[in-house]
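S.K.: This one is coords13.cif, mmCIF, N, CA and C atoms.
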data_protein
#
loop_
_atom_site.label_atom_id
_atom_site.label_comp_id
_atom_site.auth_asym_id
_atom_site.auth_seq_id
_atom_site.Cartn_x
_atom_site.Cartn_y
_atom_site.Cartn_z
N MET R 95 48.41 48.78 48.12
CA MET R 95 48.93 49.58 47.04
C MET R 95 48.76 51.06 47.37
N ASN R 96 49.74 51.83 46.99
CA ASN R 96 49.61 53.26 47.19
C ASN R 96 48.90 53.88 45.99
N GLY R 97 48.80 55.19 45.93
CA GLY R 97 48.06 55.86 44.87
C GLY R 97 48.61 55.58 43.48
N ALA R 98 49.89 55.31 43.35
CA ALA R 98 50.49 55.07 42.04
C ALA R 98 50.34 53.62 41.59
N GLY R 99 49.74 52.76 42.41
CA GLY R 99 49.54 51.37 42.04
C GLY R 99 50.71 50.47 42.39
N ALA R 100 51.74 51.01 43.02
CA ALA R 100 52.91 50.22 43.41
C ALA R 100 52.76 49.80 44.87
N PRO R 101 53.39 48.69 45.26
CA PRO R 101 53.33 48.27 46.67
C PRO R 101 53.93 49.34 47.57
N TYR R 102 53.42 49.40 48.80
CA TYR R 102 53.99 50.31 49.78
C TYR R 102 55.45 49.96 50.00
N ARG R 103 56.28 50.97 50.18
CA ARG R 103 57.70 50.74 50.45
C ARG R 103 58.00 51.24 51.85
N VAL R 104 58.10 50.33 52.78
CA VAL R 104 58.43 50.65 54.17
C VAL R 104 59.92 50.38 54.33
N PRO R 105 60.66 51.33 54.91
CA PRO R 105 62.09 51.06 55.13
C PRO R 105 62.29 49.80 55.97
N LEU R 106 63.28 49.03 55.60
CA LEU R 106 63.58 47.78 56.31
C LEU R 106 63.83 48.03 57.79
N SER R 107 64.50 49.12 58.11
CA SER R 107 64.80 49.42 59.51
C SER R 107 63.52 49.66 60.30
N ARG R 108 62.54 50.33 59.71
CA ARG R 108 61.28 50.59 60.41
C ARG R 108 60.51 49.28 60.63
N ALA R 109 60.47 48.45 59.61
CA ALA R 109 59.76 47.18 59.73
C ALA R 109 60.44 46.27 60.75
N ALA R 110 61.76 46.24 60.74
CA ALA R 110 62.49 45.33 61.64
C ALA R 110 62.52 45.84 63.07
N LEU R 111 62.99 47.06 63.27
CA LEU R 111 63.14 47.58 64.63
C LEU R 111 61.80 47.86 65.30
N GLY R 112 60.79 48.24 64.51
CA GLY R 112 59.48 48.50 65.07
C GLY R 112 58.60 47.27 65.11
N CYS R 113 59.09 46.15 64.53
CA CYS R 113 58.31 44.92 64.42
C CYS R 113 56.96 45.20 63.76
N ARG R 114 57.01 45.90 62.64
CA ARG R 114 55.82 46.33 61.91
C ARG R 114 55.66 45.58 60.61
N CYS R 115 54.47 45.69 60.04
CA CYS R 115 54.15 45.05 58.77
C CYS R 115 55.10 45.56 57.68
N PRO R 116 55.64 44.66 56.85
CA PRO R 116 56.56 45.11 55.82
C PRO R 116 55.88 45.84 54.66
N ARG R 117 54.56 45.74 54.55
CA ARG R 117 53.88 46.44 53.45
C ARG R 117 53.41 47.83 53.86
N CYS R 118 52.67 47.95 54.98
CA CYS R 118 52.13 49.25 55.36
C CYS R 118 52.96 49.96 56.43
N GLY R 119 53.72 49.22 57.21
CA GLY R 119 54.53 49.82 58.26
C GLY R 119 53.76 50.21 59.50
N GLU R 120 52.48 49.88 59.56
CA GLU R 120 51.65 50.27 60.69
C GLU R 120 51.27 49.09 61.58
N GLY R 121 50.81 48.00 60.99
CA GLY R 121 50.35 46.85 61.78
C GLY R 121 51.50 46.12 62.45
N ARG R 122 51.22 45.60 63.63
CA ARG R 122 52.24 44.85 64.36
C ARG R 122 52.36 43.43 63.80
N VAL R 123 53.57 42.92 63.73
CA VAL R 123 53.83 41.59 63.19
C VAL R 123 53.57 40.51 64.23
N PHE R 124 53.81 40.80 65.51
CA PHE R 124 53.71 39.80 66.57
C PHE R 124 52.42 39.94 67.36
N VAL R 125 51.84 38.80 67.73
CA VAL R 125 50.69 38.78 68.63
C VAL R 125 51.19 38.77 70.07
N GLY R 126 52.08 37.88 70.40
CA GLY R 126 52.64 37.78 71.74
C GLY R 126 54.11 38.12 71.68
N LEU R 127 54.89 37.33 72.40
CA LEU R 127 56.32 37.59 72.43
C LEU R 127 56.98 37.30 71.08
N LEU R 128 56.72 36.12 70.52
CA LEU R 128 57.33 35.75 69.23
C LEU R 128 56.35 35.10 68.26
N THR R 129 55.05 35.16 68.56
CA THR R 129 54.06 34.55 67.69
C THR R 129 53.69 35.52 66.57
N ILE R 130 53.81 35.05 65.34
CA ILE R 130 53.51 35.88 64.17
C ILE R 130 52.00 35.92 63.94
N ARG R 131 51.48 37.11 63.65
CA ARG R 131 50.07 37.26 63.29
C ARG R 131 49.81 36.59 61.94
N PRO R 132 48.61 36.06 61.74
CA PRO R 132 48.29 35.49 60.43
C PRO R 132 48.21 36.56 59.34
N THR R 133 47.62 37.71 59.66
CA THR R 133 47.51 38.81 58.69
C THR R 133 47.75 40.13 59.41
N CYS R 134 48.14 41.12 58.64
CA CYS R 134 48.31 42.46 59.19
C CYS R 134 46.93 43.04 59.48
N PRO R 135 46.72 43.57 60.69
CA PRO R 135 45.40 44.12 61.02
C PRO R 135 45.09 45.41 60.27
N ILE R 136 46.06 46.06 59.68
CA ILE R 136 45.84 47.32 58.98
C ILE R 136 45.62 47.11 57.48
N CYS R 137 46.57 46.46 56.82
CA CYS R 137 46.48 46.32 55.35
C CYS R 137 46.04 44.94 54.90
N GLY R 138 45.99 43.96 55.81
CA GLY R 138 45.53 42.63 55.46
C GLY R 138 46.57 41.73 54.80
N LEU R 139 47.84 42.11 54.81
CA LEU R 139 48.89 41.27 54.21
C LEU R 139 48.94 39.93 54.93
N ASP R 140 48.92 38.84 54.17
CA ASP R 140 49.01 37.50 54.73
C ASP R 140 50.46 37.20 55.05
N ILE R 141 50.79 37.24 56.34
CA ILE R 141 52.17 36.93 56.74
C ILE R 141 52.26 35.57 57.42
N SER R 142 51.17 34.80 57.34
CA SER R 142 51.18 33.47 57.95
C SER R 142 52.10 32.52 57.20
N ALA R 143 52.41 32.86 55.96
CA ALA R 143 53.25 31.98 55.14
C ALA R 143 54.74 32.26 55.32
N HIS R 144 55.09 33.09 56.29
CA HIS R 144 56.50 33.42 56.47
C HIS R 144 57.31 32.17 56.79
N ASP R 145 58.57 32.21 56.47
CA ASP R 145 59.45 31.09 56.79
C ASP R 145 60.80 31.64 57.19
N ALA R 146 60.86 32.27 58.35
CA ALA R 146 62.12 32.82 58.83
C ALA R 146 63.08 31.70 59.22
N GLY R 147 62.54 30.52 59.49
CA GLY R 147 63.38 29.38 59.83
C GLY R 147 64.23 29.64 61.06
N ASP R 148 65.46 29.16 61.03
CA ASP R 148 66.37 29.32 62.15
C ASP R 148 67.30 30.51 61.99
N GLY R 149 67.11 31.28 60.94
CA GLY R 149 67.98 32.42 60.67
C GLY R 149 68.10 33.40 61.83
N PRO R 150 66.97 33.89 62.37
CA PRO R 150 67.09 34.84 63.47
C PRO R 150 67.80 34.25 64.69
N GLN R 151 67.51 33.00 65.00
CA GLN R 151 68.14 32.37 66.16
C GLN R 151 69.65 32.25 65.98
N VAL R 152 70.07 31.93 64.78
CA VAL R 152 71.51 31.80 64.51
C VAL R 152 72.20 33.14 64.70
N PHE R 153 71.60 34.21 64.17
CA PHE R 153 72.19 35.54 64.35
C PHE R 153 72.25 35.94 65.82
N VAL R 154 71.20 35.63 66.57
CA VAL R 154 71.19 35.95 68.00
C VAL R 154 72.30 35.19 68.72
N ILE R 155 72.44 33.91 68.42
CA ILE R 155 73.49 33.11 69.05
C ILE R 155 74.87 33.67 68.74
N LEU R 156 75.11 34.02 67.50
CA LEU R 156 76.42 34.55 67.11
C LEU R 156 76.70 35.90 67.76
N ILE R 157 75.72 36.80 67.73
CA ILE R 157 75.92 38.13 68.29
C ILE R 157 76.09 38.07 69.81
N LEU R 158 75.16 37.39 70.49
CA LEU R 158 75.26 37.29 71.95
C LEU R 158 76.49 36.49 72.38
N GLY R 159 76.81 35.47 71.62
CA GLY R 159 78.00 34.68 71.95
C GLY R 159 79.25 35.53 71.92
N LEU R 160 79.38 36.34 70.89
CA LEU R 160 80.54 37.22 70.78
C LEU R 160 80.60 38.20 71.94
N VAL R 161 79.47 38.83 72.25
CA VAL R 161 79.44 39.84 73.32
C VAL R 161 79.68 39.20 74.68
N VAL R 162 78.93 38.15 75.00
CA VAL R 162 79.02 37.56 76.34
C VAL R 162 80.37 36.88 76.57
N VAL R 163 80.85 36.14 75.61
CA VAL R 163 82.15 35.48 75.79
C VAL R 163 83.26 36.52 75.91
N GLY R 164 83.19 37.57 75.12
CA GLY R 164 84.19 38.63 75.23
C GLY R 164 84.17 39.31 76.59
N LEU R 165 82.97 39.65 77.06
CA LEU R 165 82.85 40.29 78.37
C LEU R 165 83.23 39.33 79.50
N ALA R 166 82.81 38.08 79.39
CA ALA R 166 83.15 37.10 80.44
C ALA R 166 84.65 36.87 80.49
N ALA R 167 85.30 36.81 79.35
CA ALA R 167 86.76 36.63 79.34
C ALA R 167 87.45 37.84 79.96
N PHE R 168 86.97 39.03 79.63
CA PHE R 168 87.55 40.24 80.21
C PHE R 168 87.40 40.25 81.73
N VAL R 169 86.20 39.96 82.22
CA VAL R 169 85.95 39.94 83.67
C VAL R 169 86.80 38.87 84.34
N GLU R 170 86.89 37.71 83.72
CA GLU R 170 87.68 36.61 84.31
C GLU R 170 89.16 36.98 84.38
N LEU R 171 89.70 37.53 83.31
CA LEU R 171 91.13 37.87 83.29
C LEU R 171 91.44 39.07 84.18
N ARG R 172 90.52 40.00 84.26
CA ARG R 172 90.78 41.22 85.03
C ARG R 172 90.54 41.04 86.53
N PHE R 173 89.44 40.33 86.89
CA PHE R 173 89.04 40.26 88.30
C PHE R 173 89.09 38.86 88.91
N SER R 174 89.08 37.82 88.12
CA SER R 174 89.07 36.42 88.58
C SER R 174 87.99 36.16 89.64
N PRO R 175 86.73 36.45 89.34
CA PRO R 175 85.67 36.24 90.34
C PRO R 175 85.29 34.76 90.42
N PRO R 176 84.57 34.38 91.47
CA PRO R 176 84.07 33.00 91.55
C PRO R 176 83.02 32.77 90.45
N ILE R 177 82.73 31.51 90.20
CA ILE R 177 81.83 31.15 89.10
C ILE R 177 80.42 31.71 89.29
N TRP R 178 79.96 31.82 90.54
CA TRP R 178 78.60 32.33 90.77
C TRP R 178 78.46 33.78 90.30
N VAL R 179 79.54 34.53 90.33
CA VAL R 179 79.48 35.92 89.84
C VAL R 179 79.23 35.92 88.34
N HIS R 180 79.88 35.02 87.64
CA HIS R 180 79.63 34.90 86.20
C HIS R 180 78.18 34.54 85.93
N LEU R 181 77.64 33.61 86.70
CA LEU R 181 76.24 33.22 86.52
C LEU R 181 75.31 34.40 86.76
N VAL R 182 75.57 35.16 87.80
CA VAL R 182 74.72 36.31 88.12
C VAL R 182 74.85 37.41 87.05
N LEU R 183 76.03 37.59 86.54
CA LEU R 183 76.24 38.63 85.53
C LEU R 183 75.67 38.28 84.16
N TRP R 184 75.95 37.07 83.69
CA TRP R 184 75.68 36.78 82.28
C TRP R 184 74.33 36.16 82.00
N THR R 185 73.73 35.49 82.98
CA THR R 185 72.41 34.88 82.74
C THR R 185 71.36 35.92 82.39
N PRO R 186 71.20 37.01 83.15
CA PRO R 186 70.20 38.02 82.75
C PRO R 186 70.53 38.68 81.42
N LEU R 187 71.81 38.92 81.17
CA LEU R 187 72.20 39.54 79.90
C LEU R 187 71.83 38.65 78.72
N ILE R 188 72.05 37.36 78.85
CA ILE R 188 71.72 36.42 77.78
C ILE R 188 70.21 36.36 77.57
N LEU R 189 69.44 36.26 78.65
CA LEU R 189 67.99 36.16 78.52
C LEU R 189 67.37 37.42 77.92
N VAL R 190 67.72 38.56 78.46
CA VAL R 190 67.17 39.83 77.95
C VAL R 190 67.69 40.10 76.54
N GLY R 191 68.95 39.85 76.31
CA GLY R 191 69.53 40.09 74.99
C GLY R 191 68.93 39.21 73.92
N ALA R 192 68.64 37.95 74.26
CA ALA R 192 68.05 37.04 73.28
C ALA R 192 66.66 37.51 72.87
N ILE R 193 65.86 37.91 73.83
CA ILE R 193 64.50 38.38 73.51
C ILE R 193 64.57 39.72 72.77
N ALA R 194 65.45 40.61 73.23
CA ALA R 194 65.55 41.93 72.60
C ALA R 194 66.05 41.84 71.15
N LEU R 195 66.90 40.88 70.86
CA LEU R 195 67.43 40.73 69.50
C LEU R 195 66.53 39.88 68.60
N LEU R 196 65.88 38.89 69.17
CA LEU R 196 65.12 37.94 68.36
C LEU R 196 63.92 38.57 67.68
N ARG R 197 63.19 39.43 68.37
CA ARG R 197 62.00 40.06 67.78
C ARG R 197 62.35 40.89 66.53
N PRO R 198 63.28 41.85 66.63
CA PRO R 198 63.56 42.64 65.42
C PRO R 198 64.25 41.83 64.31
N LEU R 199 65.05 40.84 64.68
CA LEU R 199 65.68 40.02 63.63
C LEU R 199 64.64 39.18 62.89
N LYS R 200 63.68 38.64 63.62
CA LYS R 200 62.63 37.85 62.99
C LYS R 200 61.75 38.74 62.12
N ALA R 201 61.37 39.93 62.63
CA ALA R 201 60.58 40.87 61.84
C ALA R 201 61.36 41.35 60.62
N GLY R 202 62.64 41.54 60.77
CA GLY R 202 63.48 41.95 59.63
C GLY R 202 63.56 40.89 58.56
N LEU R 203 63.66 39.63 58.95
CA LEU R 203 63.69 38.55 57.96
C LEU R 203 62.36 38.44 57.23
N ILE R 204 61.26 38.66 57.93
CA ILE R 204 59.95 38.65 57.29
C ILE R 204 59.86 39.81 56.31
N ALA R 205 60.36 40.98 56.70
CA ALA R 205 60.36 42.15 55.81
C ALA R 205 61.21 41.89 54.57
N LEU R 206 62.34 41.22 54.75
CA LEU R 206 63.18 40.89 53.58
C LEU R 206 62.48 39.89 52.66
N GLU R 207 61.78 38.92 53.25
CA GLU R 207 61.02 37.97 52.43
C GLU R 207 59.96 38.71 51.63
N TYR R 208 59.28 39.66 52.25
CA TYR R 208 58.25 40.43 51.54
C TYR R 208 58.88 41.26 50.43
N ARG R 209 59.96 41.94 50.76
CA ARG R 209 60.61 42.83 49.79
C ARG R 209 61.09 42.07 48.55
N HIS R 210 61.53 40.84 48.73
CA HIS R 210 62.05 40.05 47.61
C HIS R 210 61.01 39.10 47.03
N GLY R 211 59.76 39.26 47.44
CA GLY R 211 58.67 38.48 46.85
C GLY R 211 58.63 37.03 47.27
N LEU R 212 59.11 36.72 48.45
CA LEU R 212 59.17 35.33 48.89
C LEU R 212 58.00 34.93 49.78
N LEU R 213 57.15 35.89 50.18
CA LEU R 213 55.97 35.55 50.97
C LEU R 213 54.87 35.12 50.02
N ARG R 214 54.33 33.92 50.25
CA ARG R 214 53.22 33.45 49.42
C ARG R 214 51.98 34.27 49.75
N GLY R 215 51.19 34.56 48.75
CA GLY R 215 49.94 35.26 48.96
C GLY R 215 50.09 36.77 49.09
N GLN R 216 51.25 37.31 48.78
CA GLN R 216 51.39 38.76 48.84
C GLN R 216 50.97 39.37 47.52
N ASP R 217 50.99 40.70 47.47
CA ASP R 217 50.54 41.43 46.26
C ASP R 217 50.84 40.64 45.07
#
Let me see the structure of the file written as structure tokens.
M.R.:
Amino acid sequence: MNGAGAPYRVPLSRAALGCRCPRCGEGRVFVGLLTIRPTCPICGLDISAHDAGDGPQVFVILILGLVVVGLAAFVELRFSPPIWVHLVLWTPLILVGAIALLRPLKAGLIALEYRHGLLRGQD
């Protein structure tokens, strides 16, 4: 709680893109690559009850699918390279893109759950 007795209001963009606690905006949400901390180390918010489900993965699949299929179709129609060129081009993009998108999308969904009062054990 801040001085006025109201919950801290952290902008959704800061919580999602910075992978920060949705209440204080300071503590990190992840322990490792995608493992959620049980509580915020700064404010003590219990985020172990989060339930992001498959939402972040679905968004990653849709976004990366659109980008990679569009780029692969363009490269295929423009240059007609052998299949190994496609593998070399798109495999790293998919792997890096999935990790780069999954963390902020998962943190953003947790922040939305907090903002709408869906996290059990919150203020």
S.K.: When distances are computed from only C-alpha atoms, which of R:Leu165, R:Leu128, R:Cys115, R:Trp178 shows the smallest separation from R:Ile141?
M.R.: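 Closest residue, counting only C-alpha atoms: R:Cys115.
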S.K.: Counting only N, CA and C atoms, note down every residue that has an atom within 8 Å of the point (76.5, 36.4, 75.8) (file coordinates), as a PDB file with N, CA and C atoms, in the frame of the given file.
M.R.:
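Heads up, here's the output in out-v4.pdb:
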ATOM      1  N   ILE R 155      72.440  33.910  68.420  1.00  0.00           N
ATOM      2  CA  ILE R 155      73.490  33.110  69.050  1.00  0.00           C
ATOM      3  C   ILE R 155      74.870  33.670  68.740  1.00  0.00           C
ATOM      4  N   ILE R 157      75.720  36.800  67.730  1.00  0.00           N
ATOM      5  CA  ILE R 157      75.920  38.130  68.290  1.00  0.00           C
ATOM      6  C   ILE R 157      76.090  38.070  69.810  1.00  0.00           C
ATOM      7  N   LEU R 158      75.160  37.390  70.490  1.00  0.00           N
ATOM      8  CA  LEU R 158      75.260  37.290  71.950  1.00  0.00           C
ATOM      9  C   LEU R 158      76.490  36.490  72.380  1.00  0.00           C
ATOM     10  N   GLY R 159      76.810  35.470  71.620  1.00  0.00           N
ATOM     11  CA  GLY R 159      78.000  34.680  71.950  1.00  0.00           C
ATOM     12  C   GLY R 159      79.250  35.530  71.920  1.00  0.00           C
ATOM     13  N   LEU R 160      79.380  36.340  70.890  1.00  0.00           N
ATOM     14  CA  LEU R 160      80.540  37.220  70.780  1.00  0.00           C
ATOM     15  C   LEU R 160      80.600  38.200  71.940  1.00  0.00           C
ATOM     16  N   VAL R 161      79.470  38.830  72.250  1.00  0.00           N
ATOM     17  CA  VAL R 161      79.440  39.840  73.320  1.00  0.00           C
ATOM     18  C   VAL R 161      79.680  39.200  74.680  1.00  0.00           C
ATOM     19  N   VAL R 162      78.930  38.150  75.000  1.00  0.00           N
ATOM     20  CA  VAL R 162      79.020  37.560  76.340  1.00  0.00           C
ATOM     21  C   VAL R 162      80.370  36.880  76.570  1.00  0.00           C
ATOM     22  N   VAL R 163      80.850  36.140  75.610  1.00  0.00           N
ATOM     23  CA  VAL R 163      82.150  35.480  75.790  1.00  0.00           C
ATOM     24  C   VAL R 163      83.260  36.520  75.910  1.00  0.00           C
ATOM     25  N   GLY R 164      83.190  37.570  75.120  1.00  0.00           N
ATOM     26  CA  GLY R 164      84.190  38.630  75.230  1.00  0.00           C
ATOM     27  C   GLY R 164      84.170  39.310  76.590  1.00  0.00           C
ATOM     28  N   LEU R 165      82.970  39.650  77.060  1.00  0.00           N
ATOM     29  CA  LEU R 165      82.850  40.290  78.370  1.00  0.00           C
ATOM     30  C   LEU R 165      83.230  39.330  79.500  1.00  0.00           C
ATOM     31  N   ALA R 166      82.810  38.080  79.390  1.00  0.00           N
ATOM     32  CA  ALA R 166      83.150  37.100  80.440  1.00  0.00           C
ATOM     33  C   ALA R 166      84.650  36.870  80.490  1.00  0.00           C
ATOM     34  N   TRP R 184      75.950  37.070  83.690  1.00  0.00           N
ATOM     35  CA  TRP R 184      75.680  36.780  82.280  1.00  0.00           C
ATOM     36  C   TRP R 184      74.330  36.160  82.000  1.00  0.00           C
ATOM     37  N   THR R 185      73.730  35.490  82.980  1.00  0.00           N
ATOM     38  CA  THR R 185      72.410  34.880  82.740  1.00  0.00           C
ATOM     39  C   THR R 185      71.360  35.920  82.390  1.00  0.00           C
ATOM     40  N   LEU R 187      71.810  38.920  81.170  1.00  0.00           N
ATOM     41  CA  LEU R 187      72.200  39.540  79.900  1.00  0.00           C
ATOM     42  C   LEU R 187      71.830  38.650  78.720  1.00  0.00           C
ATOM     43  N   ILE R 188      72.050  37.360  78.850  1.00  0.00           N
ATOM     44  CA  ILE R 188      71.720  36.420  77.780  1.00  0.00           C
ATOM     45  C   ILE R 188      70.210  36.360  77.570  1.00  0.00           C
ATOM     46  N   LEU R 189      69.440  36.260  78.650  1.00  0.00           N
ATOM     47  CA  LEU R 189      67.990  36.160  78.520  1.00  0.00           C
ATOM     48  C   LEU R 189      67.370  37.420  77.920  1.00  0.00           C
ATOM     49  N   GLY R 191      68.950  39.850  76.310  1.00  0.00           N
ATOM     50  CA  GLY R 191      69.530  40.090  74.990  1.00  0.00           C
ATOM     51  C   GLY R 191      68.930  39.210  73.920  1.00  0.00           C
TER      52      GLY R 191
END
S.K.: How many Å separate atom CA of R:Gly202 from atom C of R:Ala110?
M.R.: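 Result for atom CA of R:Gly202 versus atom C of R:Ala110: 5.3 Å, one decimal.
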S.K.: Which residues in stretch 127-212 of chain R does DSSP call helix (DSSP H, G or I)? List them as number ranges by chain.
M.R.: R: 149-173, 177-209
S.K.: Interatomic distance between atom CA of R:Arg197 and atom C of R:Leu139?
M.R.: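 For atom CA of R:Arg197 relative to atom C of R:Leu139, the distance reads 18.3 Å.
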S.K.: To one decimal place, how far is atom C of R:Val104 from atom CA of R:Leu206 in Å?
M.R.: 10.1 Å
S.K.: Box time for stretch 183-189 of chain R: axis-aligned, enclosing all its listed atoms, 3 Å extra on each side; report centre and edge lengths in Å to one decimal, as lines of an AutoDock Vina configuration file.
M.R.:
center_x = 71.8
center_y = 37.2
center_z = 82.1
size_x = 14.9
size_y = 10.7
size_z = 15.0
